file upload22.cif (mmCIF, C-alpha atoms; chains and numbers go by the auth columns)
data_entry
#
loop_
_atom_site.group_PDB
_atom_site.id
_atom_site.type_symbol
_atom_site.label_atom_id
_atom_site.label_comp_id
_atom_site.label_asym_id
_atom_site.label_seq_id
_atom_site.Cartn_x
_atom_site.Cartn_y
_atom_site.Cartn_z
_atom_site.B_iso_or_equiv
_atom_site.auth_seq_id
_atom_site.auth_asym_id
ATOM 1 C CA LYS A 1 20.986 14.039 0.645 0.00 1 M
ATOM 2 C CA TYR A 2 23.752 11.931 -0.894 0.00 2 M
ATOM 3 C CA GLY A 3 24.970 14.306 -3.562 0.00 3 M
ATOM 4 C CA ILE A 4 22.787 13.083 -6.414 0.00 4 M
ATOM 5 C CA ALA A 5 22.116 15.861 -8.894 0.00 5 M
ATOM 6 C CA GLU A 6 18.661 17.001 -9.918 0.00 6 M
ATOM 7 C CA GLY A 7 17.098 17.433 -13.327 0.00 7 M
ATOM 8 C CA GLU A 8 18.397 15.374 -16.236 0.00 8 M
ATOM 9 C CA GLU A 9 21.108 13.746 -14.117 0.00 9 M
ATOM 10 C CA ALA A 10 18.484 12.541 -11.639 0.00 10 M
ATOM 11 C CA LEU A 11 16.390 11.105 -14.483 0.00 11 M
ATOM 12 C CA LYS A 12 19.453 9.204 -15.688 0.00 12 M
ATOM 13 C CA VAL A 13 19.880 7.753 -12.193 0.00 13 M
ATOM 14 C CA LEU A 14 16.202 6.755 -12.140 0.00 14 M
ATOM 15 C CA ARG A 15 16.533 5.015 -15.513 0.00 15 M
ATOM 16 C CA THR A 16 19.404 2.997 -14.077 0.00 16 M
ATOM 17 C CA LEU A 17 17.414 2.215 -10.919 0.00 17 M
ATOM 18 C CA ASP A 18 14.558 0.937 -13.085 0.00 18 M
ATOM 19 C CA LYS A 19 16.880 -1.863 -14.265 0.00 19 M
ATOM 20 C CA LEU A 20 17.281 -3.222 -10.713 0.00 20 M
ATOM 21 C CA PRO A 21 14.568 -5.937 -10.865 0.00 21 M
ATOM 22 C CA LYS A 22 15.954 -7.287 -14.132 0.00 22 M
ATOM 23 C CA ILE A 23 19.710 -7.169 -13.503 0.00 23 M
ATOM 24 C CA GLY A 24 20.021 -7.295 -9.705 0.00 24 M
ATOM 25 C CA GLU A 25 21.769 -5.153 -7.131 0.00 25 M
ATOM 26 C CA ASP A 26 25.418 -5.844 -8.040 0.00 26 M
ATOM 27 C CA LYS A 27 25.007 -4.907 -11.706 0.00 27 M
ATOM 28 C CA THR A 28 22.861 -1.898 -10.818 0.00 28 M
ATOM 29 C CA ARG A 29 25.542 -0.670 -8.410 0.00 29 M
ATOM 30 C CA ALA A 30 28.135 -1.057 -11.172 0.00 30 M
ATOM 31 C CA LEU A 31 25.964 0.944 -13.598 0.00 31 M
ATOM 32 C CA PHE A 32 25.480 3.701 -11.023 0.00 32 M
ATOM 33 C CA ALA A 33 29.263 4.020 -10.845 0.00 33 M
ATOM 34 C CA SER A 34 30.032 3.695 -14.565 0.00 34 M
ATOM 35 C CA GLU A 35 27.051 5.289 -16.340 0.00 35 M
ATOM 36 C CA ASN A 36 25.984 7.779 -13.684 0.00 36 M
ATOM 37 C CA SER A 37 29.408 8.578 -12.181 0.00 37 M
ATOM 38 C CA LEU A 38 28.037 8.170 -8.664 0.00 38 M
ATOM 39 C CA GLY A 39 30.397 7.741 -5.769 0.00 39 M
ATOM 40 C CA GLN A 40 30.143 4.921 -3.259 0.00 40 M
ATOM 41 C CA ARG A 41 28.393 7.155 -0.683 0.00 41 M
ATOM 42 C CA ALA A 42 25.616 8.037 -3.135 0.00 42 M
ATOM 43 C CA ILE A 43 25.209 4.426 -4.288 0.00 43 M
ATOM 44 C CA ASP A 44 25.034 3.165 -0.710 0.00 44 M
ATOM 45 C CA GLY A 45 22.531 5.924 0.055 0.00 45 M
ATOM 46 C CA ILE A 46 20.255 4.784 -2.761 0.00 46 M
ATOM 47 C CA PHE A 47 20.221 1.218 -1.457 0.00 47 M
ATOM 48 C CA GLU A 48 19.780 2.444 2.126 0.00 48 M
ATOM 49 C CA PHE A 49 16.678 4.283 0.926 0.00 49 M
ATOM 50 C CA LEU A 50 15.374 1.210 -0.936 0.00 50 M
ATOM 51 C CA ASP A 51 15.628 -0.862 2.273 0.00 51 M
ATOM 52 C CA LEU A 52 13.390 1.506 4.240 0.00 52 M
ATOM 53 C CA ASN A 53 9.926 0.430 5.244 0.00 53 M
ATOM 54 C CA PRO A 54 7.074 2.956 4.890 0.00 54 M
ATOM 55 C CA GLU A 55 7.133 3.846 8.581 0.00 55 M
ATOM 56 C CA GLU A 56 10.779 4.985 8.288 0.00 56 M
ATOM 57 C CA LEU A 57 10.225 7.353 5.370 0.00 57 M
ATOM 58 C CA SER A 58 9.165 10.379 7.448 0.00 58 M
ATOM 59 C CA ALA A 59 12.384 10.264 9.462 0.00 59 M
ATOM 60 C CA PHE A 60 14.466 9.747 6.313 0.00 60 M
ATOM 61 C CA PHE A 61 12.949 12.840 4.678 0.00 61 M
ATOM 62 C CA LYS A 62 12.910 15.040 7.783 0.00 62 M
ATOM 63 C CA GLY A 63 13.498 18.633 6.671 0.00 63 M
ATOM 64 C CA ASP A 64 12.709 17.919 2.996 0.00 64 M
ATOM 65 C CA SER A 65 9.163 19.183 2.430 0.00 65 M
ATOM 66 C CA VAL A 66 8.624 17.251 -0.816 0.00 66 M
ATOM 67 C CA GLY A 67 9.936 14.022 0.695 0.00 67 M
ATOM 68 C CA GLU A 68 7.902 14.503 3.865 0.00 68 M
ATOM 69 C CA LEU A 69 4.753 15.019 1.785 0.00 69 M
ATOM 70 C CA GLY A 70 5.496 11.856 -0.221 0.00 70 M
ATOM 71 C CA ALA A 71 6.020 9.841 2.961 0.00 71 M
ATOM 72 C CA GLU A 72 2.753 11.208 4.349 0.00 72 M
ATOM 73 C CA GLU A 73 0.880 10.297 1.159 0.00 73 M
ATOM 74 C CA ILE A 74 2.254 6.738 1.195 0.00 74 M
ATOM 75 C CA GLN A 75 1.199 6.318 4.812 0.00 75 M
ATOM 76 C CA MET A 76 -2.264 7.712 3.992 0.00 76 M
ATOM 77 C CA LEU A 77 -2.569 5.248 1.092 0.00 77 M
ATOM 78 C CA LEU A 78 -1.590 2.338 3.346 0.00 78 M
ATOM 79 C CA ASN A 79 -4.052 3.457 6.032 0.00 79 M
ATOM 80 C CA LEU A 80 -6.859 3.645 3.463 0.00 80 M
ATOM 81 C CA ALA A 81 -5.964 0.171 2.177 0.00 81 M
ATOM 82 C CA ASP A 82 -6.137 -1.146 5.749 0.00 82 M
ATOM 83 C CA GLU A 83 -9.533 0.519 6.279 0.00 83 M
ATOM 84 C CA MET A 84 -10.823 -1.128 3.095 0.00 84 M
ATOM 85 C CA GLY A 85 -9.575 -4.528 4.252 0.00 85 M
ATOM 86 C CA ILE A 86 -6.947 -4.885 1.523 0.00 86 M
ATOM 87 C CA GLY A 87 -3.891 -3.711 3.441 0.00 87 M
ATOM 88 C CA ASP A 88 -2.321 -7.158 3.233 0.00 88 M
ATOM 89 C CA MET A 89 -2.536 -6.941 -0.579 0.00 89 M
ATOM 90 C CA VAL A 90 -0.556 -3.687 -0.828 0.00 90 M
ATOM 91 C CA ASP A 91 3.229 -3.571 -0.769 0.00 91 M
ATOM 92 C CA VAL A 92 5.442 -0.493 -1.054 0.00 92 M
ATOM 93 C CA ASP A 93 8.355 -0.919 -3.471 0.00 93 M
ATOM 94 C CA LEU A 94 10.602 2.134 -3.419 0.00 94 M
ATOM 95 C CA SER A 95 12.590 0.877 -6.404 0.00 95 M
ATOM 96 C CA ILE A 96 9.821 1.475 -8.961 0.00 96 M
ATOM 97 C CA ALA A 97 11.279 4.268 -11.030 0.00 97 M
ATOM 98 C CA ARG A 98 9.759 4.063 -14.498 0.00 98 M
ATOM 99 C CA GLY A 99 7.738 7.065 -15.498 0.00 99 M
ATOM 100 C CA LEU A 100 9.109 9.346 -12.815 0.00 100 M
ATOM 101 C CA ASP A 101 9.928 11.894 -15.497 0.00 101 M
ATOM 102 C CA TYR A 102 6.177 12.506 -15.882 0.00 102 M
ATOM 103 C CA TYR A 103 4.498 10.987 -12.820 0.00 103 M
ATOM 104 C CA THR A 104 4.096 13.487 -10.000 0.00 104 M
ATOM 105 C CA GLY A 105 2.966 11.192 -7.221 0.00 105 M
ATOM 106 C CA THR A 106 2.285 7.584 -6.413 0.00 106 M
ATOM 107 C CA ILE A 107 3.162 5.039 -9.085 0.00 107 M
ATOM 108 C CA TYR A 108 1.474 1.674 -8.878 0.00 108 M
ATOM 109 C CA GLU A 109 1.782 -1.742 -10.421 0.00 109 M
ATOM 110 C CA THR A 110 -0.605 -4.650 -9.997 0.00 110 M
ATOM 111 C CA PHE A 111 0.531 -8.263 -10.062 0.00 111 M
ATOM 112 C CA LEU A 112 -1.242 -11.604 -9.934 0.00 112 M
ATOM 113 C CA THR A 113 0.505 -13.114 -6.938 0.00 113 M
ATOM 114 C CA ASP A 114 -0.315 -16.678 -7.956 0.00 114 M
ATOM 115 C CA VAL A 115 1.431 -16.345 -11.330 0.00 115 M
ATOM 116 C CA GLU A 116 5.220 -16.027 -11.260 0.00 116 M
ATOM 117 C CA GLY A 117 7.036 -14.226 -14.033 0.00 117 M
ATOM 118 C CA LEU A 118 3.923 -12.687 -15.580 0.00 118 M
ATOM 119 C CA GLY A 119 4.857 -9.113 -14.751 0.00 119 M
ATOM 120 C CA ALA A 120 2.477 -6.301 -13.958 0.00 120 M
ATOM 121 C CA VAL A 121 -1.064 -6.621 -15.290 0.00 121 M
ATOM 122 C CA MET A 122 -1.963 -3.009 -14.463 0.00 122 M
ATOM 123 C CA SER A 123 0.304 -0.012 -14.010 0.00 123 M
ATOM 124 C CA GLY A 124 -0.177 3.686 -13.632 0.00 124 M
ATOM 125 C CA GLY A 125 0.184 6.660 -11.396 0.00 125 M
ATOM 126 C CA ARG A 126 -0.502 10.298 -10.690 0.00 126 M
ATOM 127 C CA TYR A 127 0.606 12.786 -13.335 0.00 127 M
ATOM 128 C CA ASP A 128 -0.688 16.257 -12.569 0.00 128 M
ATOM 129 C CA GLU A 129 1.710 17.965 -14.996 0.00 129 M
ATOM 130 C CA LEU A 130 1.293 15.724 -18.053 0.00 130 M
ATOM 131 C CA LEU A 131 -1.492 17.710 -19.738 0.00 131 M
ATOM 132 C CA ASP A 132 0.311 21.046 -19.499 0.00 132 M
ATOM 133 C CA ARG A 133 3.146 19.489 -21.550 0.00 133 M
ATOM 134 C CA PHE A 134 0.623 19.467 -24.395 0.00 134 M
ATOM 135 C CA GLY A 135 -0.446 23.073 -23.900 0.00 135 M
ATOM 136 C CA LYS A 136 -3.413 22.289 -21.697 0.00 136 M
ATOM 137 C CA GLU A 137 -4.016 23.558 -18.194 0.00 137 M
ATOM 138 C CA ARG A 138 -2.694 21.693 -15.174 0.00 138 M
ATOM 139 C CA VAL A 139 -5.272 19.090 -14.191 0.00 139 M
ATOM 140 C CA PRO A 140 -4.962 16.636 -11.281 0.00 140 M
ATOM 141 C CA SER A 141 -4.854 13.274 -13.050 0.00 141 M
ATOM 142 C CA VAL A 142 -4.428 9.592 -12.357 0.00 142 M
ATOM 143 C CA GLY A 143 -4.138 7.006 -15.076 0.00 143 M
ATOM 144 C CA ILE A 144 -3.752 3.287 -15.478 0.00 144 M
ATOM 145 C CA SER A 145 -3.007 0.904 -18.293 0.00 145 M
ATOM 146 C CA LEU A 146 -4.407 -2.588 -18.291 0.00 146 M
ATOM 147 C CA GLY A 147 -2.395 -5.465 -19.750 0.00 147 M
ATOM 148 C CA LEU A 148 -5.236 -7.278 -21.483 0.00 148 M
ATOM 149 C CA ASP A 149 -2.848 -9.525 -23.387 0.00 149 M
ATOM 150 C CA ARG A 150 -1.189 -10.680 -20.159 0.00 150 M
ATOM 151 C CA LEU A 151 -4.520 -11.239 -18.421 0.00 151 M
ATOM 152 C CA PHE A 152 -5.943 -13.084 -21.425 0.00 152 M
ATOM 153 C CA SER A 153 -2.859 -15.309 -21.678 0.00 153 M
ATOM 154 C CA CYS A 154 -3.048 -16.088 -17.964 0.00 154 M
ATOM 155 C CA LEU A 155 -6.743 -17.005 -18.193 0.00 155 M
ATOM 156 C CA VAL A 156 -6.114 -19.302 -21.163 0.00 156 M
ATOM 157 C CA ASP A 157 -3.076 -20.950 -19.510 0.00 157 M
ATOM 158 C CA SER A 158 -4.998 -21.538 -16.272 0.00 158 M
ATOM 159 C CA GLY A 159 -7.929 -23.143 -18.082 0.00 159 M
ATOM 160 C CA ASP A 160 -10.323 -20.495 -16.738 0.00 160 M
ATOM 161 C CA LEU A 161 -11.019 -19.376 -20.303 0.00 161 M
ATOM 162 C CA ALA A 162 -11.634 -21.977 -22.949 0.00 162 M
ATOM 163 C CA LEU A 163 -10.986 -21.101 -26.572 0.00 163 M
ATOM 164 C CA ARG A 164 -13.074 -22.734 -29.266 0.00 164 M
ATOM 165 C CA ALA A 165 -12.123 -23.093 -32.876 0.00 165 M
ATOM 166 C CA SER A 166 -14.852 -21.955 -35.209 0.00 166 M
#

call {"tool": "encode", "arguments": {"input": "upload22.cif", "output": "structure tokens"}}
result
Amino acid sequence: KYGIAEGEEALKVLRTLDKLPKIGEDKTRALFASENSLGQRAIDGIFEFLDLNPEELSAFFKGDSVGELGAEEIQMLLNLADEMGIGDMVDVDLSIARGLDYYTGTIYETFLTDVEGLGAVMSGGRYDELLDRFGKERVPSVGISLGLDRLFSCLVDSGDLALRAS
């Protein structure tokens, strides 16, 4: 939509986008221009996209079947979260870009909202094409990794887990 290439060039853009939470918007914009050779229109388009709320995604992707499907899946996920009574615990962050070279659908990260600076304690996503990279058949898959070290550290720091010397 904004002249961003596909394939390896798009992955390079996504790797730059993944730096956004750590380095901020100004430095990310500068990297898009210097490392990715993106013009101002493309850079502005990326940040326009990142500012969208989930309800605006369908209109943004109108005419793009893959984008429309993604917007529909996000809305379905949010509706299911609402039905389960956890809708207020789910937030859509369109800037999450890590793993998009192998994830084929929703990517998720789980945070402890009461603990600042801890980072994600669980992360994962849908990766239907990962197994066929290893010569296996295509299998619909979802995976997650659990940050036991982060959770353990948080429990110790909070006093909810007492350690005893033996």

call {"tool": "resolve_selection", "arguments": {"input": "upload22.cif", "expression": "the PyMOL selection byres ((chain M and resi 23-40) around 12)", "output": "PyMOL selection string"}}
result
chain M and resi 2-5+8-22+41-48+50+95

call {"tool": "closest_residue", "arguments": {"input": "upload22.cif", "among": "M:Val92, M:Ala59, M:Leu155, M:Val66", "to": "Leu78 (chain M)", "atoms": "only C-alpha atoms"}}
result
M:Val92

call {"tool": "axis_aligned_box", "arguments": {"input": "upload22.cif", "around": "region 45-57 of chain M", "padding_each_side": "5 Å", "output": "JSON"}}
result
{"center_x": 14.8, "center_y": 3.2, "center_z": 2.9, "size_x": 25.5, "size_y": 18.2, "size_z": 21.3}

call {"tool": "residues_around", "arguments": {"input": "upload22.cif", "residues": "region 126-135 of chain M", "least_positions_apart": "3", "cutoff": "10 Å", "atoms": "only C-alpha atoms", "output": "PDB file with C-alpha atoms, in the frame of the given file"}}
result
ATOM      1  CA  GLY M  99       7.738   7.065 -15.498  1.00  0.00           C
ATOM      2  CA  LEU M 100       9.109   9.346 -12.815  1.00  0.00           C
ATOM      3  CA  ASP M 101       9.928  11.894 -15.497  1.00  0.00           C
ATOM      4  CA  TYR M 102       6.177  12.506 -15.882  1.00  0.00           C
ATOM      5  CA  TYR M 103       4.498  10.987 -12.820  1.00  0.00           C
ATOM      6  CA  THR M 104       4.096  13.487 -10.000  1.00  0.00           C
ATOM      7  CA  GLY M 105       2.966  11.192  -7.221  1.00  0.00           C
ATOM      8  CA  THR M 106       2.285   7.584  -6.413  1.00  0.00           C
ATOM      9  CA  ILE M 107       3.162   5.039  -9.085  1.00  0.00           C
ATOM     10  CA  TYR M 108       1.474   1.674  -8.878  1.00  0.00           C
ATOM     11  CA  ARG M 138      -2.694  21.693 -15.174  1.00  0.00           C
ATOM     12  CA  VAL M 139      -5.272  19.090 -14.191  1.00  0.00           C
ATOM     13  CA  PRO M 140      -4.962  16.636 -11.281  1.00  0.00           C
ATOM     14  CA  SER M 141      -4.854  13.274 -13.050  1.00  0.00           C
ATOM     15  CA  VAL M 142      -4.428   9.592 -12.357  1.00  0.00           C
ATOM     16  CA  GLY M 143      -4.138   7.006 -15.076  1.00  0.00           C
ATOM     17  CA  ILE M 144      -3.752   3.287 -15.478  1.00  0.00           C
TER      18      ILE M 144
END

call {"tool": "residues_around", "arguments": {"input": "upload22.cif", "residues": "Gly147 (chain M)", "least_positions_apart": "3", "cutoff": "12 Å", "atoms": "all atoms listed in the file", "output": "PyMOL selection string"}}
result
chain M and resi 109-112+118-124+144+150-154

call {"tool": "write_last_selection", "arguments": {"input": "upload22.cif", "atoms": "C-alpha atoms", "output": "mmCIF file, in the frame of the given file"}}
result
data_model
loop_
_atom_site.group_PDB
_atom_site.id
_atom_site.type_symbol
_atom_site.label_atom_id
_atom_site.label_comp_id
_atom_site.auth_asym_id
_atom_site.auth_seq_id
_atom_site.Cartn_x
_atom_site.Cartn_y
_atom_site.Cartn_z
ATOM 1 C CA GLU M 109 1.782 -1.742 -10.421
ATOM 2 C CA THR M 110 -0.605 -4.650 -9.997
ATOM 3 C CA PHE M 111 0.531 -8.263 -10.062
ATOM 4 C CA LEU M 112 -1.242 -11.604 -9.934
ATOM 5 C CA LEU M 118 3.923 -12.687 -15.580
ATOM 6 C CA GLY M 119 4.857 -9.113 -14.751
ATOM 7 C CA ALA M 120 2.477 -6.301 -13.958
ATOM 8 C CA VAL M 121 -1.064 -6.621 -15.290
ATOM 9 C CA MET M 122 -1.963 -3.009 -14.463
ATOM 10 C CA SER M 123 0.304 -0.012 -14.010
ATOM 11 C CA GLY M 124 -0.177 3.686 -13.632
ATOM 12 C CA ILE M 144 -3.752 3.287 -15.478
ATOM 13 C CA ARG M 150 -1.189 -10.680 -20.159
ATOM 14 C CA LEU M 151 -4.520 -11.239 -18.421
ATOM 15 C CA PHE M 152 -5.943 -13.084 -21.425
ATOM 16 C CA SER M 153 -2.859 -15.309 -21.678
ATOM 17 C CA CYS M 154 -3.048 -16.088 -17.964
#

call {"tool": "atom_distance", "arguments": {"input": "upload22.cif", "atom1": "CA of Phe49 (chain M)", "atom2": "CA of Thr113 (chain M)"}}
result
25.0 Å

call {"tool": "residues_around", "arguments": {"input": "upload22.cif", "residues": "Gly70 (chain M)", "least_positions_apart": "5", "cutoff": "9 Å", "atoms": "all atoms listed in the file", "output": "PDB file with C-alpha atoms, keeping the file's coordinate frame"}}
result
ATOM      1  CA  LEU M  57      10.225   7.353   5.370  1.00  0.00           C
ATOM      2  CA  SER M  58       9.165  10.379   7.448  1.00  0.00           C
ATOM      3  CA  PHE M  61      12.949  12.840   4.678  1.00  0.00           C
ATOM      4  CA  SER M  65       9.163  19.183   2.430  1.00  0.00           C
ATOM      5  CA  GLN M  75       1.199   6.318   4.812  1.00  0.00           C
ATOM      6  CA  GLY M 105       2.966  11.192  -7.221  1.00  0.00           C
ATOM      7  CA  THR M 106       2.285   7.584  -6.413  1.00  0.00           C
TER       8      THR M 106
END

call {"tool": "atom_distance", "arguments": {"input": "upload22.cif", "atom1": "CA of Leu80 (chain M)", "atom2": "CA of Glu137 (chain M)"}}
result
29.6 Å

call {"tool": "closest_residue", "arguments": {"input": "upload22.cif", "among": "M:Glu116, M:Gly67, M:Ser145, M:Leu77", "to": "Asp91 (chain M)", "atoms": "all atoms listed in the file"}}
result
M:Leu77

call {"tool": "build_atoms", "arguments": {"input": "upload22.cif", "residues": "region 132-164 of chain M", "atoms": "N, CA and C atoms", "output": "compact mmCIF listing (two decimals), keeping the file's coordinate frame"}}
result
# COMPACT_ATOMS: atom_id res chain seq x y z
N ASP M 132 -0.25 19.75 -19.14
CA ASP M 132 0.31 21.05 -19.50
C ASP M 132 1.53 20.91 -20.41
N ARG M 133 2.09 19.71 -20.55
CA ARG M 133 3.15 19.49 -21.55
C ARG M 133 2.58 19.60 -22.96
N PHE M 134 1.28 19.40 -23.09
CA PHE M 134 0.62 19.47 -24.40
C PHE M 134 -0.17 20.76 -24.56
N GLY M 135 0.18 21.78 -23.76
CA GLY M 135 -0.45 23.07 -23.90
C GLY M 135 -1.79 23.21 -23.21
N LYS M 136 -2.14 22.22 -22.43
CA LYS M 136 -3.41 22.29 -21.70
C LYS M 136 -3.13 22.78 -20.28
N GLU M 137 -4.19 23.12 -19.57
CA GLU M 137 -4.02 23.56 -18.19
C GLU M 137 -3.64 22.39 -17.29
N ARG M 138 -3.07 22.72 -16.15
CA ARG M 138 -2.69 21.69 -15.17
C ARG M 138 -3.96 21.09 -14.57
N VAL M 139 -4.09 19.78 -14.68
CA VAL M 139 -5.27 19.09 -14.19
C VAL M 139 -4.82 17.91 -13.33
N PRO M 140 -5.30 17.82 -12.09
CA PRO M 140 -4.96 16.64 -11.28
C PRO M 140 -5.44 15.38 -12.00
N SER M 141 -4.53 14.45 -12.25
CA SER M 141 -4.85 13.27 -13.05
C SER M 141 -4.23 12.01 -12.48
N VAL M 142 -4.94 10.92 -12.69
CA VAL M 142 -4.43 9.59 -12.36
C VAL M 142 -4.78 8.70 -13.54
N GLY M 143 -3.86 7.88 -13.95
CA GLY M 143 -4.14 7.01 -15.08
C GLY M 143 -3.63 5.60 -14.83
N ILE M 144 -4.14 4.69 -15.61
CA ILE M 144 -3.75 3.29 -15.48
C ILE M 144 -3.80 2.64 -16.86
N SER M 145 -2.92 1.71 -17.08
CA SER M 145 -3.01 0.90 -18.29
C SER M 145 -3.23 -0.53 -17.84
N LEU M 146 -4.03 -1.22 -18.61
CA LEU M 146 -4.41 -2.59 -18.29
C LEU M 146 -3.79 -3.51 -19.32
N GLY M 147 -3.05 -4.51 -18.86
CA GLY M 147 -2.40 -5.46 -19.75
C GLY M 147 -3.34 -6.59 -20.15
N LEU M 148 -4.25 -6.28 -21.07
CA LEU M 148 -5.24 -7.28 -21.48
C LEU M 148 -4.59 -8.53 -22.05
N ASP M 149 -3.51 -8.35 -22.81
CA ASP M 149 -2.85 -9.52 -23.39
C ASP M 149 -2.29 -10.44 -22.31
N ARG M 150 -1.71 -9.87 -21.26
CA ARG M 150 -1.19 -10.68 -20.16
C ARG M 150 -2.31 -11.38 -19.41
N LEU M 151 -3.39 -10.64 -19.13
CA LEU M 151 -4.52 -11.24 -18.42
C LEU M 151 -5.16 -12.35 -19.25
N PHE M 152 -5.34 -12.10 -20.53
CA PHE M 152 -5.94 -13.08 -21.42
C PHE M 152 -5.09 -14.35 -21.47
N SER M 153 -3.78 -14.18 -21.64
CA SER M 153 -2.86 -15.31 -21.68
C SER M 153 -2.91 -16.11 -20.38
N CYS M 154 -2.98 -15.43 -19.27
CA CYS M 154 -3.05 -16.09 -17.96
C CYS M 154 -4.34 -16.88 -17.83
N LEU M 155 -5.45 -16.30 -18.26
CA LEU M 155 -6.74 -17.00 -18.19
C LEU M 155 -6.75 -18.24 -19.08
N VAL M 156 -6.18 -18.15 -20.26
CA VAL M 156 -6.11 -19.30 -21.16
C VAL M 156 -5.22 -20.39 -20.56
N ASP M 157 -4.02 -19.99 -20.08
CA ASP M 157 -3.08 -20.95 -19.51
C ASP M 157 -3.63 -21.65 -18.28
N SER M 158 -4.45 -20.95 -17.50
CA SER M 158 -5.00 -21.54 -16.27
C SER M 158 -6.21 -22.43 -16.53
N GLY M 159 -6.73 -22.37 -17.75
CA GLY M 159 -7.93 -23.14 -18.08
C GLY M 159 -9.22 -22.46 -17.68
N ASP M 160 -9.13 -21.24 -17.14
CA ASP M 160 -10.32 -20.50 -16.74
C ASP M 160 -11.05 -19.88 -17.94
N LEU M 161 -10.41 -19.90 -19.09
CA LEU M 161 -11.02 -19.38 -20.30
C LEU M 161 -10.76 -20.38 -21.42
N ALA M 162 -11.78 -20.98 -21.89
CA ALA M 162 -11.63 -21.98 -22.95
C ALA M 162 -11.79 -21.31 -24.30
N LEU M 163 -10.90 -21.61 -25.21
CA LEU M 163 -10.99 -21.10 -26.57
C LEU M 163 -11.57 -22.19 -27.47
N ARG M 164 -12.47 -21.78 -28.32
CA ARG M 164 -13.07 -22.73 -29.27
C ARG M 164 -12.73 -22.37 -30.68
